[in-house]
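> Structure provided below as structure tokens; questions to follow.
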Amino acid sequence: MKNSRICPKCGSNEIVVVDGFAGAYGTGNNIMVGATIFSAVKVDRYVCCDCGFSEEWIRNEDIDRLKNSNKVHK
Ligand SMILES: [Zn+2]
């Protein structure tokens with residue numbers, strides 16, 4: 001869905017992207033990997049405007065930070 005911009009559920013191409021955001025006190029769509037918002041990993045959300053299906057993606061440059069975080073389990 002991120003790459004094709006096609007909804008896997010209904011086949012629509014009416015996909016919009018809600019950018020990840022890290023605000024005060026952990027608001028916004030993100031994963032807190034450290035003590036402050038500066039270390040939050042932002043989560044972009046792809047939403048189908050036809051059926052409402054949504055997918056969440058971490059940006060490539062943030063994946064290592066998430067992997068190395070003590071907030072995740074392997
Ligand atoms: Zn859809």
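Each chain in the structure tokens gets a letter, A, B, ..., in the order shown, and its residues are numbered from 1; ligands are numbered from 1 in order too.
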Tell me, as a count of residues only, which residues lie within 8 Å of Cys51 of chain A, counting only C-alpha atoms; anything in the same chain fewer than 2 positions away does not count.
5
> Show me which residues line ligand 1, defined as having an atom within 12 Å of a ligand atom where only C-alpha atoms and all ligand atoms count, and present them as a ChimeraX atom specification.
/A:1,5-16,46-55
> Can you check which residues of chain A DSSP gives as strand (DSSP E) on the backbone and send them as a list in words?
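Here are the strand (DSSP E) residues of chain A: Ile15, Val16, Val17, Val18, Asn30, Ile31, Val41, Lys42, Val43, Asp44, Arg45, Tyr46, Val47, Cys48, Ser54, Glu55, Glu56, Trp57 and Ile58 of chain A.
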> Contacts of Thr36 of chain A at 12 Å or less, counting only C-alpha atoms, minus same-chain residues fewer than 5 places along, as a PyMOL selection string?
chain A and resi 22-27+30-31+41
> Now that the selection is made, can you save its residues with N, CA and C atoms as a PDB file, in the first residue's frame?

```
ATOM      1  N   ALA A  22       5.367  13.666  16.211  1.00  0.00           N
ATOM      2  CA  ALA A  22       5.694  13.480  17.622  1.00  0.00           C
ATOM      3  C   ALA A  22       5.537  14.801  18.344  1.00  0.00           C
ATOM      4  N   GLY A  23       4.547  14.876  19.177  1.00  0.00           N
ATOM      5  CA  GLY A  23       4.282  16.112  19.915  1.00  0.00           C
ATOM      6  C   GLY A  23       4.607  15.946  21.391  1.00  0.00           C
ATOM      7  N   ALA A  24       4.296  16.970  22.152  1.00  0.00           N
ATOM      8  CA  ALA A  24       4.567  16.939  23.588  1.00  0.00           C
ATOM      9  C   ALA A  24       3.820  15.797  24.260  1.00  0.00           C
ATOM     10  N   TYR A  25       4.456  15.224  25.261  1.00  0.00           N
ATOM     11  CA  TYR A  25       3.848  14.173  26.081  1.00  0.00           C
ATOM     12  C   TYR A  25       3.442  12.952  25.254  1.00  0.00           C
ATOM     13  N   GLY A  26       4.162  12.699  24.154  1.00  0.00           N
ATOM     14  CA  GLY A  26       3.904  11.495  23.378  1.00  0.00           C
ATOM     15  C   GLY A  26       2.684  11.568  22.502  1.00  0.00           C
ATOM     16  N   THR A  27       2.129  12.764  22.297  1.00  0.00           N
ATOM     17  CA  THR A  27       0.986  12.871  21.398  1.00  0.00           C
ATOM     18  C   THR A  27       1.445  12.694  19.956  1.00  0.00           C
ATOM     19  N   ASN A  30       3.243   7.994  16.876  1.00  0.00           N
ATOM     20  CA  ASN A  30       4.665   7.703  16.991  1.00  0.00           C
ATOM     21  C   ASN A  30       4.876   6.611  18.020  1.00  0.00           C
ATOM     22  N   ILE A  31       6.113   6.113  18.066  1.00  0.00           N
ATOM     23  CA  ILE A  31       6.501   5.146  19.086  1.00  0.00           C
ATOM     24  C   ILE A  31       7.616   5.775  19.897  1.00  0.00           C
ATOM     25  N   VAL A  41      10.019   7.570  17.326  1.00  0.00           N
ATOM     26  CA  VAL A  41       9.973   7.085  15.950  1.00  0.00           C
ATOM     27  C   VAL A  41       8.589   7.399  15.405  1.00  0.00           C
TER      28      VAL A  41
END
```
